[in-house]
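Q: Structure: protein_36.pdb, PDB, C-alpha atoms and all ligand atoms.
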ATOM      1  CA  MET A   1     -61.125  72.526 -10.355  1.00  0.00           C
ATOM      2  CA  GLU A   2     -59.224  69.337 -11.181  1.00  0.00           C
ATOM      3  CA  ASN A   3     -56.118  71.375 -11.896  1.00  0.00           C
ATOM      4  CA  ASP A   4     -55.981  73.152  -8.553  1.00  0.00           C
ATOM      5  CA  LEU A   5     -52.669  72.367  -6.950  1.00  0.00           C
ATOM      6  CA  ASN A   6     -52.130  71.868  -3.244  1.00  0.00           C
ATOM      7  CA  PRO A   7     -48.312  71.931  -2.966  1.00  0.00           C
ATOM      8  CA  ASP A   8     -48.178  70.659   0.637  1.00  0.00           C
ATOM      9  CA  LEU A   9     -50.413  67.741  -0.230  1.00  0.00           C
ATOM     10  CA  GLU A  10     -48.372  66.971  -3.323  1.00  0.00           C
ATOM     11  CA  ALA A  11     -45.112  67.014  -1.352  1.00  0.00           C
ATOM     12  CA  LEU A  12     -46.672  64.658   1.204  1.00  0.00           C
ATOM     13  CA  ARG A  13     -47.794  62.335  -1.583  1.00  0.00           C
ATOM     14  CA  ILE A  14     -44.284  62.155  -2.978  1.00  0.00           C
ATOM     15  CA  THR A  15     -42.867  61.348   0.468  1.00  0.00           C
ATOM     16  CA  ALA A  16     -45.502  58.667   1.060  1.00  0.00           C
ATOM     17  CA  MET A  17     -44.644  56.953  -2.228  1.00  0.00           C
ATOM     18  CA  ASP A  18     -41.350  55.721  -0.712  1.00  0.00           C
ATOM     19  CA  CYS A  19     -42.691  54.972   2.762  1.00  0.00           C
ATOM     20  CA  ARG A  20     -41.110  52.043   4.605  1.00  0.00           C
ATOM     21  CA  LYS A  21     -42.537  52.756   8.052  1.00  0.00           C
ATOM     22  CA  CYS A  22     -44.254  49.400   8.434  1.00  0.00           C
ATOM     23  CA  ASP A  23     -44.142  45.915   6.965  1.00  0.00           C
ATOM     24  CA  LEU A  24     -47.065  46.547   4.605  1.00  0.00           C
ATOM     25  CA  CYS A  25     -44.535  48.135   2.255  1.00  0.00           C
ATOM     26  CA  ARG A  26     -43.050  44.698   1.574  1.00  0.00           C
ATOM     27  CA  HIS A  27     -46.221  43.359  -0.032  1.00  0.00           C
ATOM     28  CA  ARG A  28     -47.545  46.383  -1.862  1.00  0.00           C
ATOM     29  CA  THR A  29     -47.686  46.985  -5.611  1.00  0.00           C
ATOM     30  CA  HIS A  30     -48.602  50.646  -5.162  1.00  0.00           C
ATOM     31  CA  VAL A  31     -48.982  53.088  -2.314  1.00  0.00           C
ATOM     32  CA  VAL A  32     -52.592  54.280  -2.411  1.00  0.00           C
ATOM     33  CA  PHE A  33     -52.233  57.833  -1.165  1.00  0.00           C
ATOM     34  CA  GLY A  34     -55.750  59.099  -1.894  1.00  0.00           C
ATOM     35  CA  GLU A  35     -57.344  61.206  -4.588  1.00  0.00           C
ATOM     36  CA  GLY A  36     -59.851  63.925  -5.221  1.00  0.00           C
ATOM     37  CA  TYR A  37     -60.212  67.663  -5.182  1.00  0.00           C
ATOM     38  CA  PRO A  38     -57.210  68.803  -3.089  1.00  0.00           C
ATOM     39  CA  PHE A  39     -59.167  71.542  -1.295  1.00  0.00           C
ATOM     40  CA  ALA A  40     -62.357  69.530  -0.805  1.00  0.00           C
ATOM     41  CA  ASP A  41     -64.802  70.621   1.880  1.00  0.00           C
ATOM     42  CA  ILE A  42     -65.802  66.989   2.320  1.00  0.00           C
ATOM     43  CA  MET A  43     -63.445  64.052   2.795  1.00  0.00           C
ATOM     44  CA  PHE A  44     -64.279  60.335   2.857  1.00  0.00           C
ATOM     45  CA  ILE A  45     -61.983  57.993   4.772  1.00  0.00           C
ATOM     46  CA  GLY A  46     -61.982  54.221   4.300  1.00  0.00           C
ATOM     47  CA  GLU A  47     -59.957  51.410   5.759  1.00  0.00           C
ATOM     48  CA  GLY A  48     -57.185  50.544   3.369  1.00  0.00           C
ATOM     49  CA  PRO A  49     -56.527  49.412  -0.189  1.00  0.00           C
ATOM     50  CA  GLY A  50     -57.754  46.047  -1.411  1.00  0.00           C
ATOM     51  CA  TYR A  51     -56.505  44.069  -4.399  1.00  0.00           C
ATOM     52  CA  HIS A  52     -57.786  46.426  -7.099  1.00  0.00           C
ATOM     53  CA  GLU A  53     -56.637  49.551  -5.310  1.00  0.00           C
ATOM     54  CA  ASP A  54     -53.175  48.052  -4.791  1.00  0.00           C
ATOM     55  CA  MET A  55     -52.958  47.189  -8.486  1.00  0.00           C
ATOM     56  CA  LYS A  56     -54.024  50.649  -9.633  1.00  0.00           C
ATOM     57  CA  GLY A  57     -52.670  52.895  -6.881  1.00  0.00           C
ATOM     58  CA  ARG A  58     -56.099  54.522  -6.486  1.00  0.00           C
ATOM     59  CA  PRO A  59     -58.591  54.323  -3.589  1.00  0.00           C
ATOM     60  CA  PHE A  60     -61.981  52.652  -3.904  1.00  0.00           C
ATOM     61  CA  VAL A  61     -61.801  51.328  -7.462  1.00  0.00           C
ATOM     62  CA  GLY A  62     -63.156  47.794  -6.809  1.00  0.00           C
ATOM     63  CA  LYS A  63     -66.799  46.792  -6.281  1.00  0.00           C
ATOM     64  CA  ALA A  64     -67.151  48.763  -3.049  1.00  0.00           C
ATOM     65  CA  GLY A  65     -65.608  51.750  -4.803  1.00  0.00           C
ATOM     66  CA  GLN A  66     -68.112  51.540  -7.629  1.00  0.00           C
ATOM     67  CA  LEU A  67     -70.914  51.616  -5.087  1.00  0.00           C
ATOM     68  CA  LEU A  68     -69.253  54.539  -3.296  1.00  0.00           C
ATOM     69  CA  ASP A  69     -69.042  56.438  -6.581  1.00  0.00           C
ATOM     70  CA  LYS A  70     -72.754  55.809  -7.212  1.00  0.00           C
ATOM     71  CA  ILE A  71     -73.637  57.102  -3.754  1.00  0.00           C
ATOM     72  CA  LEU A  72     -71.411  60.154  -4.219  1.00  0.00           C
ATOM     73  CA  THR A  73     -72.991  60.904  -7.594  1.00  0.00           C
ATOM     74  CA  VAL A  74     -76.511  60.759  -6.188  1.00  0.00           C
ATOM     75  CA  CYS A  75     -75.409  63.115  -3.415  1.00  0.00           C
ATOM     76  CA  GLY A  76     -73.809  65.547  -5.861  1.00  0.00           C
ATOM     77  CA  PHE A  77     -70.225  64.721  -4.907  1.00  0.00           C
ATOM     78  CA  SER A  78     -67.375  63.477  -7.063  1.00  0.00           C
ATOM     79  CA  ARG A  79     -63.656  62.848  -6.777  1.00  0.00           C
ATOM     80  CA  ASN A  80     -62.965  65.306  -9.582  1.00  0.00           C
ATOM     81  CA  ASP A  81     -64.949  68.261  -8.360  1.00  0.00           C
ATOM     82  CA  ASN A  82     -65.615  68.502  -4.659  1.00  0.00           C
ATOM     83  CA  ALA A  83     -64.639  65.426  -2.623  1.00  0.00           C
ATOM     84  CA  TYR A  84     -61.416  63.754  -1.494  1.00  0.00           C
ATOM     85  CA  ILE A  85     -61.064  60.040  -0.702  1.00  0.00           C
ATOM     86  CA  ALA A  86     -58.346  58.513   1.480  1.00  0.00           C
ATOM     87  CA  ASN A  87     -57.771  55.545   3.762  1.00  0.00           C
ATOM     88  CA  ILE A  88     -56.498  54.800   7.259  1.00  0.00           C
ATOM     89  CA  VAL A  89     -53.581  52.820   5.781  1.00  0.00           C
ATOM     90  CA  LYS A  90     -52.023  53.521   2.386  1.00  0.00           C
ATOM     91  CA  CYS A  91     -50.772  50.008   1.597  1.00  0.00           C
ATOM     92  CA  ARG A  92     -52.799  46.840   1.198  1.00  0.00           C
ATOM     93  CA  PRO A  93     -52.859  44.500   4.201  1.00  0.00           C
ATOM     94  CA  PRO A  94     -52.225  40.904   3.026  1.00  0.00           C
ATOM     95  CA  ASP A  95     -55.417  38.905   2.342  1.00  0.00           C
ATOM     96  CA  ASN A  96     -57.426  42.076   3.029  1.00  0.00           C
ATOM     97  CA  ARG A  97     -57.147  41.608   6.788  1.00  0.00           C
ATOM     98  CA  ASP A  98     -57.790  44.611   9.040  1.00  0.00           C
ATOM     99  CA  PRO A  99     -54.705  46.788   9.472  1.00  0.00           C
ATOM    100  CA  LEU A 100     -52.800  46.009  12.692  1.00  0.00           C
ATOM    101  CA  PRO A 101     -52.497  48.710  15.382  1.00  0.00           C
ATOM    102  CA  VAL A 102     -48.786  49.108  14.590  1.00  0.00           C
ATOM    103  CA  GLU A 103     -49.605  49.629  10.898  1.00  0.00           C
ATOM    104  CA  ARG A 104     -52.337  52.153  11.672  1.00  0.00           C
ATOM    105  CA  GLU A 105     -50.037  54.076  13.989  1.00  0.00           C
ATOM    106  CA  ALA A 106     -47.282  54.178  11.377  1.00  0.00           C
ATOM    107  CA  CYS A 107     -49.652  55.435   8.697  1.00  0.00           C
ATOM    108  CA  LEU A 108     -52.024  57.787  10.546  1.00  0.00           C
ATOM    109  CA  PRO A 109     -49.607  60.754  10.526  1.00  0.00           C
ATOM    110  CA  TYR A 110     -49.987  60.825   6.721  1.00  0.00           C
ATOM    111  CA  LEU A 111     -53.758  60.943   7.038  1.00  0.00           C
ATOM    112  CA  TYR A 112     -53.638  63.669   9.677  1.00  0.00           C
ATOM    113  CA  LYS A 113     -51.408  65.745   7.407  1.00  0.00           C
ATOM    114  CA  GLN A 114     -53.767  65.138   4.478  1.00  0.00           C
ATOM    115  CA  ILE A 115     -56.653  66.402   6.600  1.00  0.00           C
ATOM    116  CA  GLU A 116     -54.640  69.447   7.662  1.00  0.00           C
ATOM    117  CA  TYR A 117     -53.641  70.348   4.086  1.00  0.00           C
ATOM    118  CA  ILE A 118     -57.004  69.637   2.448  1.00  0.00           C
ATOM    119  CA  ASN A 119     -58.808  71.251   5.396  1.00  0.00           C
ATOM    120  CA  PRO A 120     -62.282  69.740   4.906  1.00  0.00           C
ATOM    121  CA  LYS A 121     -65.205  70.992   6.959  1.00  0.00           C
ATOM    122  CA  ILE A 122     -66.847  67.561   6.848  1.00  0.00           C
ATOM    123  CA  ILE A 123     -65.262  64.139   7.365  1.00  0.00           C
ATOM    124  CA  ILE A 124     -67.169  60.941   6.628  1.00  0.00           C
ATOM    125  CA  LEU A 125     -65.709  57.750   8.072  1.00  0.00           C
ATOM    126  CA  LEU A 126     -66.485  54.724   5.935  1.00  0.00           C
ATOM    127  CA  GLY A 127     -66.915  51.757   8.256  1.00  0.00           C
ATOM    128  CA  SER A 128     -65.715  50.389  11.517  1.00  0.00           C
ATOM    129  CA  VAL A 129     -61.942  50.397  10.900  1.00  0.00           C
ATOM    130  CA  ALA A 130     -61.971  54.096  10.013  1.00  0.00           C
ATOM    131  CA  LEU A 131     -64.183  54.869  13.016  1.00  0.00           C
ATOM    132  CA  LYS A 132     -61.974  52.937  15.443  1.00  0.00           C
ATOM    133  CA  GLY A 133     -58.787  54.310  13.912  1.00  0.00           C
ATOM    134  CA  ILE A 134     -59.811  57.961  14.137  1.00  0.00           C
ATOM    135  CA  VAL A 135     -62.315  58.271  16.972  1.00  0.00           C
ATOM    136  CA  ASP A 136     -62.003  55.484  19.517  1.00  0.00           C
ATOM    137  CA  PRO A 137     -60.825  51.846  19.313  1.00  0.00           C
ATOM    138  CA  ASP A 138     -63.942  50.781  21.241  1.00  0.00           C
ATOM    139  CA  ALA A 139     -66.458  52.735  19.130  1.00  0.00           C
ATOM    140  CA  LYS A 140     -69.243  50.741  17.482  1.00  0.00           C
ATOM    141  CA  ILE A 141     -70.307  51.585  13.948  1.00  0.00           C
ATOM    142  CA  THR A 142     -73.813  50.245  14.573  1.00  0.00           C
ATOM    143  CA  SER A 143     -74.434  52.739  17.371  1.00  0.00           C
ATOM    144  CA  LEU A 144     -72.530  55.780  16.021  1.00  0.00           C
ATOM    145  CA  ARG A 145     -73.378  55.680  12.314  1.00  0.00           C
ATOM    146  CA  GLY A 146     -75.454  58.589  11.159  1.00  0.00           C
ATOM    147  CA  SER A 147     -74.589  60.847  14.079  1.00  0.00           C
ATOM    148  CA  TRP A 148     -72.414  63.945  13.898  1.00  0.00           C
ATOM    149  CA  THR A 149     -69.565  64.621  16.284  1.00  0.00           C
ATOM    150  CA  GLU A 150     -67.080  67.426  16.470  1.00  0.00           C
ATOM    151  CA  TRP A 151     -63.514  66.290  15.780  1.00  0.00           C
ATOM    152  CA  LYS A 152     -60.636  68.758  15.778  1.00  0.00           C
ATOM    153  CA  GLY A 153     -62.970  71.564  14.735  1.00  0.00           C
ATOM    154  CA  ARG A 154     -64.527  69.538  11.921  1.00  0.00           C
ATOM    155  CA  HIS A 155     -67.912  67.853  11.513  1.00  0.00           C
ATOM    156  CA  LEU A 156     -67.461  64.102  11.494  1.00  0.00           C
ATOM    157  CA  MET A 157     -69.923  61.314  10.781  1.00  0.00           C
ATOM    158  CA  PRO A 158     -69.344  57.556  10.585  1.00  0.00           C
ATOM    159  CA  VAL A 159     -71.405  55.607   8.034  1.00  0.00           C
ATOM    160  CA  TYR A 160     -71.467  51.980   6.958  1.00  0.00           C
ATOM    161  CA  HIS A 161     -68.647  50.926   4.656  1.00  0.00           C
ATOM    162  CA  PRO A 162     -69.888  50.392   1.078  1.00  0.00           C
ATOM    163  CA  ALA A 163     -68.550  46.803   1.225  1.00  0.00           C
ATOM    164  CA  ALA A 164     -70.905  46.181   4.169  1.00  0.00           C
ATOM    165  CA  LEU A 165     -73.799  47.474   2.041  1.00  0.00           C
ATOM    166  CA  LEU A 166     -72.851  45.001  -0.685  1.00  0.00           C
ATOM    167  CA  ARG A 167     -72.737  42.139   1.827  1.00  0.00           C
ATOM    168  CA  LYS A 168     -75.980  43.093   3.580  1.00  0.00           C
ATOM    169  CA  GLN A 169     -78.553  44.822   1.388  1.00  0.00           C
ATOM    170  CA  SER A 170     -80.807  45.520   4.370  1.00  0.00           C
ATOM    171  CA  LEU A 171     -78.317  48.165   5.611  1.00  0.00           C
ATOM    172  CA  LYS A 172     -78.887  50.298   2.536  1.00  0.00           C
ATOM    173  CA  ARG A 173     -81.990  52.006   3.873  1.00  0.00           C
ATOM    174  CA  GLU A 174     -80.168  53.278   6.991  1.00  0.00           C
ATOM    175  CA  ALA A 175     -77.155  54.217   4.883  1.00  0.00           C
ATOM    176  CA  TRP A 176     -79.349  56.333   2.641  1.00  0.00           C
ATOM    177  CA  GLU A 177     -80.761  58.163   5.683  1.00  0.00           C
ATOM    178  CA  ASP A 178     -77.168  58.906   6.740  1.00  0.00           C
ATOM    179  CA  PHE A 179     -76.150  60.225   3.333  1.00  0.00           C
ATOM    180  CA  LYS A 180     -79.176  62.507   3.237  1.00  0.00           C
ATOM    181  CA  LYS A 181     -77.825  64.079   6.429  1.00  0.00           C
ATOM    182  CA  VAL A 182     -74.441  64.457   4.770  1.00  0.00           C
ATOM    183  CA  VAL A 183     -75.942  66.414   1.870  1.00  0.00           C
ATOM    184  CA  GLN A 184     -77.926  68.588   4.286  1.00  0.00           C
ATOM    185  CA  LYS A 185     -74.788  69.361   6.319  1.00  0.00           C
ATOM    186  CA  TYR A 186     -72.893  70.217   3.129  1.00  0.00           C
ATOM    187  CA  ARG A 187     -75.646  72.654   2.161  1.00  0.00           C
ATOM    188  CA  GLU A 188     -75.591  74.146   5.640  1.00  0.00           C
ATOM    189  CA  LEU A 189     -71.802  74.557   5.891  1.00  0.00           C
ATOM    190  CA  VAL A 190     -70.496  74.808   2.346  1.00  0.00           C
ATOM    191  CA  ASN A 191     -73.017  75.575  -0.365  1.00  0.00           C
ATOM    192  CA  PRO A 192     -76.750  76.196   0.191  1.00  0.00           C
ATOM    193  CA  ASP A 193     -77.317  75.613  -3.538  1.00  0.00           C
ATOM    194  CA  HIS A 194     -75.501  72.269  -3.634  1.00  0.00           C
ATOM    195  CA  TYR A 195     -77.287  70.088  -6.192  1.00  0.00           C
ATOM    196  CA  SER A 196     -78.172  66.490  -5.492  1.00  0.00           C
ATOM    197  CA  ALA A 197     -80.515  64.578  -7.758  1.00  0.00           C
ATOM    198  CA  HIS A 198     -82.309  62.813  -4.919  1.00  0.00           C
ATOM    199  CA  VAL A 199     -81.894  64.781  -1.720  1.00  0.00           C
TER     200      VAL A 199
HETATM  201  N1  LIG A 201     -62.059  49.611   0.909  1.00  0.00           N
HETATM  202  C1  LIG A 201     -61.472  50.622   1.580  1.00  0.00           C
HETATM  203  O1  LIG A 201     -61.704  50.807   2.762  1.00  0.00           O
HETATM  204  N2  LIG A 201     -60.655  51.422   0.912  1.00  0.00           N
HETATM  205  C2  LIG A 201     -60.395  51.284  -0.386  1.00  0.00           C
HETATM  206  O2  LIG A 201     -59.629  52.084  -0.937  1.00  0.00           O
HETATM  207  C3  LIG A 201     -61.012  50.224  -1.052  1.00  0.00           C
HETATM  208  C4  LIG A 201     -61.840  49.394  -0.392  1.00  0.00           C
END
Could the structure of this file be written out as C-alpha cells, please?
Ligand code: URA
A:
Amino acid sequence: MENDLNPDLEALRITAMDCRKCDLCRHRTHVVFGEGYPFADIMFIGEGPGYHEDMKGRPFVGKAGQLLDKILTVCGFSRNDNAYIANIVKCRPPDNRDPLPVEREACLPYLYKQIEYINPKIIILLGSVALKGIVDPDAKITSLRGSWTEWKGRHLMPVYHPAALLRKQSLKREAWEDFKKVVQKYRELVNPDHYSAHV
C-alpha cells in the first residue's frame, strides 16, 4: 500500500513546497505537507508544524506526534497503511503561536485539495485550531469533541489534540471514548473486519 501513487496529490505537494502565499514561508525550514496512505479512508488534521516537524518536514513527529502514533496503533491505524495526517497550516508559526486568520486562509486551499484528492470518508480534527479552521471559528472543542457531523459529504469528528492530552492527563479518558467511536465508524463505513487491539 505504501507505494500507491496519487498523482494529483503528488503534484499538489510539489507546488506546496515552493509556496510563498503568506509570511510563514520566511521562517520555515521545511514545508510540512502531510503524509500517509494517499487514498486513506480516514484523515487526521492537526493545527500546524512545531519545531520538530519544521526540522524534519513531517507532521506530528514530536512528543504529541508520538502520542498520536500510539493512539493510532491501538485503533489499528497507521500512516503507512490506512491513514493520512495533515495540518491546517503547512509551515511552522513562530514560537508555536496559533496560525493567524490570514495564514489559515492562505493555506486552507491546499488542505481542501488534499481532502478532495485523498477522498477520505472520515475526517478527525485534532484540537481546537483544526475545529475552528474547518468548521466554525466560534466552535468549542469541549462541547463538540466526540460528536459526528456531516461535512461536505464526509463524516467529521473533532477530538482533543494529543498535546492537550499530554498537558492534562485527565482528558485521556474522554479522548479514549472518542477514539472508540472512530474505530466503530471505520468498521461501519470502511471495513467491518478492521482490527484494533483494544476496541
Ligand atoms: N501539532 C500539530 O497540530 N501538528 C503537527 O504536525 C505537530 C504538532
Q: Would you mind telling me which residue in A:Leu144, A:Ile123, A:Val89, A:Val129 lies nearest to Cys22 (chain A) when using only C-alpha atoms?
A: A:Val89
Q: Please tabulate, as a Markdown table, the residues of chain A that come within 10 Å of ligand LIG 201 (chain A), each with its closest pair of atoms and the distance in Å to one decimal, counting all atoms listed in the file and ordering rows by chain, then residue number upward.
A:
| residue | atom | partner | partner_atom | distance |
| --- | --- | --- | --- | --- |
| A:Val32 | CA | A:LIG201 | O2 | 7.5 |
| A:Phe33 | CA | A:LIG201 | O2 | 9.4 |
| A:Gly34 | CA | A:LIG201 | O2 | 8.1 |
| A:Phe44 | CA | A:LIG201 | N2 | 9.8 |
| A:Ile45 | CA | A:LIG201 | O1 | 7.5 |
| A:Gly46 | CA | A:LIG201 | O1 | 3.8 |
| A:Glu47 | CA | A:LIG201 | O1 | 3.5 |
| A:Gly48 | CA | A:LIG201 | N2 | 4.3 |
| A:Pro49 | CA | A:LIG201 | O2 | 4.2 |
| A:Gly50 | CA | A:LIG201 | C3 | 5.3 |
| A:Tyr51 | CA | A:LIG201 | C3 | 8.3 |
| A:His52 | CA | A:LIG201 | C3 | 7.8 |
| A:Glu53 | CA | A:LIG201 | O2 | 5.9 |
| A:Asp54 | CA | A:LIG201 | O2 | 8.5 |
| A:Gly57 | CA | A:LIG201 | O2 | 9.2 |
| A:Arg58 | CA | A:LIG201 | O2 | 7.0 |
| A:Pro59 | CA | A:LIG201 | O2 | 3.6 |
| A:Phe60 | CA | A:LIG201 | O2 | 3.8 |
| A:Val61 | CA | A:LIG201 | C3 | 6.6 |
| A:Gly62 | CA | A:LIG201 | C3 | 6.6 |
| A:Lys63 | CA | A:LIG201 | C4 | 8.1 |
| A:Ala64 | CA | A:LIG201 | C4 | 6.0 |
| A:Gly65 | CA | A:LIG201 | C3 | 6.1 |
| A:Gln66 | CA | A:LIG201 | C3 | 9.8 |
| A:Leu68 | CA | A:LIG201 | C4 | 9.5 |
| A:Ile85 | CA | A:LIG201 | O2 | 8.1 |
| A:Ala86 | CA | A:LIG201 | O2 | 7.0 |
| A:Asn87 | CA | A:LIG201 | N2 | 5.8 |
| A:Ile88 | CA | A:LIG201 | O1 | 8.0 |
| A:Val89 | CA | A:LIG201 | N2 | 8.7 |
| A:Lys90 | CA | A:LIG201 | O2 | 8.4 |
| A:Cys91 | CA | A:LIG201 | O2 | 9.4 |
| A:Arg92 | CA | A:LIG201 | O2 | 8.9 |
| A:Asn96 | CA | A:LIG201 | N1 | 9.1 |
| A:Asp98 | CA | A:LIG201 | O1 | 9.7 |
| A:Leu125 | CA | A:LIG201 | O1 | 9.6 |
| A:Leu126 | CA | A:LIG201 | O1 | 6.9 |
| A:Gly127 | CA | A:LIG201 | O1 | 7.6 |
| A:Ser128 | CA | A:LIG201 | O1 | 9.6 |
| A:Val129 | CA | A:LIG201 | O1 | 8.2 |
| A:Ala130 | CA | A:LIG201 | O1 | 8.0 |
| A:His161 | CA | A:LIG201 | O1 | 7.2 |
| A:Pro162 | CA | A:LIG201 | N1 | 7.9 |
| A:Ala163 | CA | A:LIG201 | N1 | 7.1 |
Q: Show which residues sit within 7 Å of region 12-17 of chain A, as JSON, numbers by chain. Count all atoms listed in the file, and ignore same-chain residues fewer than 2 positions away.
A: {"A": [8, 9, 10, 19, 31, 33]}
Q: Please write the residues picked by the PyMOL selection byres (((chain A and resi 4) around 12) and not hetatm) on this file as a list in words.
A: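 Answer for the PyMOL selection byres (((chain A and resi 4) around 12) and not hetatm): Met1, Glu2, Asn3, Leu5, Asn6, Pro7, Leu9, Glu10, Gly36, Tyr37, Pro38, Phe39, Ala40, Asn80, Asp81, Asn82 and Ile118 of chain A.
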Q: Residues of the last selection are to be written out with C-alpha atoms, as an mmCIF file, in the frame of the given file.
A:
data_model
loop_
_atom_site.group_PDB
_atom_site.id
_atom_site.type_symbol
_atom_site.label_atom_id
_atom_site.label_comp_id
_atom_site.auth_asym_id
_atom_site.auth_seq_id
_atom_site.Cartn_x
_atom_site.Cartn_y
_atom_site.Cartn_z
ATOM 1 C CA MET A 1 -61.125 72.526 -10.355
ATOM 2 C CA GLU A 2 -59.224 69.337 -11.181
ATOM 3 C CA ASN A 3 -56.118 71.375 -11.896
ATOM 4 C CA LEU A 5 -52.669 72.367 -6.950
ATOM 5 C CA ASN A 6 -52.130 71.868 -3.244
ATOM 6 C CA PRO A 7 -48.312 71.931 -2.966
ATOM 7 C CA LEU A 9 -50.413 67.741 -0.230
ATOM 8 C CA GLU A 10 -48.372 66.971 -3.323
ATOM 9 C CA GLY A 36 -59.851 63.925 -5.221
ATOM 10 C CA TYR A 37 -60.212 67.663 -5.182
ATOM 11 C CA PRO A 38 -57.210 68.803 -3.089
ATOM 12 C CA PHE A 39 -59.167 71.542 -1.295
ATOM 13 C CA ALA A 40 -62.357 69.530 -0.805
ATOM 14 C CA ASN A 80 -62.965 65.306 -9.582
ATOM 15 C CA ASP A 81 -64.949 68.261 -8.360
ATOM 16 C CA ASN A 82 -65.615 68.502 -4.659
ATOM 17 C CA ILE A 118 -57.004 69.637 2.448
#
Q: What are the closest atom pairs, with distances in Å to one decimal, for all residues of region 55-165 of chain A lying within 12 Å of region 174-189 of chain A? Consider all atoms listed in the file, order rows by chain and residue number, and present the result as a tab-separated table.
A:
residue	atom	partner	partner_atom	distance
A:Leu68	CA	A:Phe179	CA	11.1
A:Lys70	CA	A:Trp176	CA	11.9
A:Ile71	CA	A:Phe179	CA	8.1
A:Leu72	CA	A:Phe179	CA	8.9
A:Thr73	CA	A:Val183	CA	11.3
A:Val74	CA	A:Phe179	CA	9.5
A:Cys75	CA	A:Val183	CA	6.3
A:Gly76	CA	A:Val183	CA	8.1
A:Phe77	CA	A:Val183	CA	9.0
A:Asn82	CA	A:Tyr186	CA	10.8
A:Ala83	CA	A:Tyr186	CA	11.1
A:Pro120	CA	A:Leu189	CA	10.7
A:Lys121	CA	A:Leu189	CA	7.6
A:Ile122	CA	A:Tyr186	CA	7.6
A:Ile123	CA	A:Val182	CA	9.5
A:Ile124	CA	A:Val182	CA	8.3
A:Leu125	CA	A:Val182	CA	11.5
A:Leu126	CA	A:Ala175	CA	10.7
A:Gly127	CA	A:Ala175	CA	11.1
A:Ile141	CA	A:Ala175	CA	11.7
A:Thr142	CA	A:Glu174	CA	10.3
A:Ser143	CA	A:Glu174	CA	11.9
A:Leu144	CA	A:Asp178	CA	10.8
A:Arg145	CA	A:Asp178	CA	7.5
A:Gly146	CA	A:Asp178	CA	4.8
A:Ser147	CA	A:Asp178	CA	8.0
A:Trp148	CA	A:Lys181	CA	9.2
A:Arg154	CA	A:Leu189	CA	10.7
A:His155	CA	A:Lys185	CA	8.7
A:Leu156	CA	A:Val182	CA	9.7
A:Met157	CA	A:Val182	CA	8.2
A:Pro158	CA	A:Asp178	CA	8.8
A:Val159	CA	A:Ala175	CA	6.7
A:Tyr160	CA	A:Ala175	CA	6.5
A:His161	CA	A:Ala175	CA	9.1
A:Pro162	CA	A:Ala175	CA	9.1
A:Ala163	CA	A:Ala175	CA	11.9
A:Ala164	CA	A:Ala175	CA	10.2
A:Leu165	CA	A:Ala175	CA	8.1
Q: One decimal, in Å: what's the spacing between CA of Lys140 (chain A) and CA of Leu111 (chain A)?
A: 21.3 Å
Q: Just the number, please: distance in Å from CA of Val135 (chain A) to CA of Asp41 (chain A), one decimal.
A: 19.7 Å
Q: As an exercise, work out the distance from CA of Met55 (chain A) to CA of Pro109 (chain A) in Å and give it to one decimal place.
A: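 A separation of 23.6 Å between them.
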Q: Put a box with edges along x, y and z around all the listed atoms of region 41-51 of chain A, pad it by 4 Å on each side, then give me its centre and sizes in Å, one decimal, as JSON.
A:
{"center_x": -61.2, "center_y": 57.3, "center_z": 0.7, "size_x": 17.3, "size_y": 34.6, "size_z": 18.2}
Q: Here is a test: counting all atoms listed in the file, which residue of A:Leu100, A:Ile115, A:Val190, A:Met43 is nearest to Lys132 (chain A)?
A: A:Leu100
Q: Restricting the calculation to only C-alpha atoms: of A:His194, A:Gln169, A:Leu67, A:Cys107, which residue gets closest to Cys25 (chain A)?
A: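 That would be A:Cys107, the residue with the smallest distance to Cys25 (chain A).
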Q: Which residue, A:Pro93, A:Gly153, A:Pro99, A:Pro192, has the smallest gap to Gly133 (chain A) when you use all atoms listed in the file?
A: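 Result for the nearest residue to Gly133 (chain A): A:Pro99.
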